[in-house]
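Q: To start, I am sharing the structure in question, which I have written as structure tokens.
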Amino acid sequence: MSAPIFSNHGCRLNAYETEAMKELAAEAGLEGAVVVNTCAVTSEAVRKARQDIRRLRRDNPDARIIVTGCAAQTEPATFSAMPEVDAVIGNTEKMQASTWSGLAGDFGTEPVQVDDIMSVTETAGHLIDGFGTRSRAYVQVQNGCDHRCTFCIIPYGRGNSRSVPAGVVVDQIKRLVQRGYNEVVLTGVDLTSWGADLPGGPRLGDLVMRILRLVPDLPRLRISSIDSIEVDENLMQAIATESRLMPHLHLSLQHGDDLILKRMKRRHLRDDAIRFAEEARRLRPEMTFGADIIAGFPTETEAHFENSLALVRECDLTWLHVFPYSPRPGTPAARMPQVNGAAIKARAARLRRAGDAQVARHLAGQVGRDHAVLMENPHMGRTEQFTEVAFDAPRPEGRIVAAHITGARGAQLVAA
């Protein structure tokens, strides 16, 4: 028998949990299986998961196929009905050692193990040391979401927001630093909601400040996608005063028009996003922003879309993640008047072109500057702003090296 094959779909958190499942499966002695960790963010994501399952069955005709993740949580019947699938397990169950022990033993029992995710009140104890590359580790500090954006199915796959206590996070980061990691990224489904369910209601800024204070040997701390309207005073203070907090924030903006934002049930307006970007850049002039933006949300007119295009410039966004809207069954937005598919595709392309122009502008502004670059492989690393830097001569992987930027090539900077 052979070790399990894992196929991951979707977000960074899913990738994190796939690494944890590998450890749980190995400890349980599971063999001869294929595990597919699905994503439910769009109908297209579910379609790709089903396609991947069929491919994996063709490639591994004798393997047992186990399906888990957000799509398995929200649509267990869809996957259990597939003839290729032997077992379906939910997002809570996939992080429990007992689940994997059962799968490694009498596989025939309970082919569908998916409980009510909304009943879960604690984060799973599956923190692992050092998921990522040799240079960067990812630490999950939060799971789930209490918000109900009209386009999003994720709360029904992840449950309500749960936070990992600060002491547990700090202890793990200390272990990672001892193992030689030079950068840690805090991840979660709704990162800025961290702490609301913990005693005293601490905020994400409190966690960031505590990490930087109690782990003085950590060279670089990064935070992943945030909801700018939920940013607290201590996080702004950290942005202003803590050089070890990297000057790169990925913002969950979704749109640039107030009416569409309201129909999305977002908690901010376009002026809130602009004010936050201006204030963060005032506190940290080298700050760069990434952002999620949806093109073609139901009822979006050309005028609404133009406001999203304008927001790219007004917030000076650099790294865009553009999502062409696709209706997700079970969400309120799927019942709204839909935009023509060709218009959605064209608007997404225009947003991506705007993003490409912003990247080119950012790269041109870095030529002639000096950066501290964390090497991801011998010939490529990233600046503090998460910009890729190419080196002709190899550098030690995982090390932070000084680099003088001499030019740009494609979407990368070039360093001497």
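We label chains A, B, ... in the order they appear in the structure tokens, count residues from 1 in each chain, and number ligands from 1 in the order shown.
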Apply DSSP to the structure's backbone, then extract all residues of stretch 92-254 of chain A labelled helix (DSSP H, G or I) and return them as a ChimeraX atom specification.

A: /A:93-95,97-104,117-119,154-158,166-178,191-193,204-214,228-230,233-241

Q: Show me a table, sorted first by chain and then by increasing residue number, of the residues of stretch 213-243 of chain A having an atom at most 9 Å from stretch 283-302 of chain A, each with its shortest atom pair and the distance in Å to one decimal, counting only C-alpha atoms and written as a tab-separated table.

A:
residue	atom	partner	partner_atom	distance
A:Ser225	CA	A:Ala291	CA	8.2
A:Met236	CA	A:Leu283	CA	8.0
A:Gln237	CA	A:Leu283	CA	8.5
A:Ile239	CA	A:Arg284	CA	6.5
A:Ala240	CA	A:Leu283	CA	4.8
A:Thr241	CA	A:Leu283	CA	8.3

Q: Check the smallest atom-to-atom distance from each of A:Ser193, A:Gln338, A:Gln142, A:Asn307 to A:Gly256 using only C-alpha atoms, then report the winner.

A: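 Using only C-alpha atoms, the shortest distance to A:Gly256 belongs to A:Asn307.
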
Q: For stretch 321-353 of chain A versus stretch 65-82 of chain A, which residues have an atom no more than 12 Å away, and what is each residue's nearest atom pair and distance in Å rounded to one decimal, using only C-alpha atoms, chain-then-number order, as JSON lines?

A:
{"residue": "A:Arg328", "atom": "CA", "partner": "A:Ala71", "partner_atom": "CA", "distance": 11.3}
{"residue": "A:Pro329", "atom": "CA", "partner": "A:Glu75", "partner_atom": "CA", "distance": 10.4}
{"residue": "A:Gly330", "atom": "CA", "partner": "A:Thr74", "partner_atom": "CA", "distance": 9.5}
{"residue": "A:Thr331", "atom": "CA", "partner": "A:Thr74", "partner_atom": "CA", "distance": 11.7}

Q: For a quick check of understanding, using only C-alpha atoms, which of A:Leu186, A:Lys48, A:Thr99, A:Arg58 has the smallest distance to A:Pro83?

A: A:Arg58
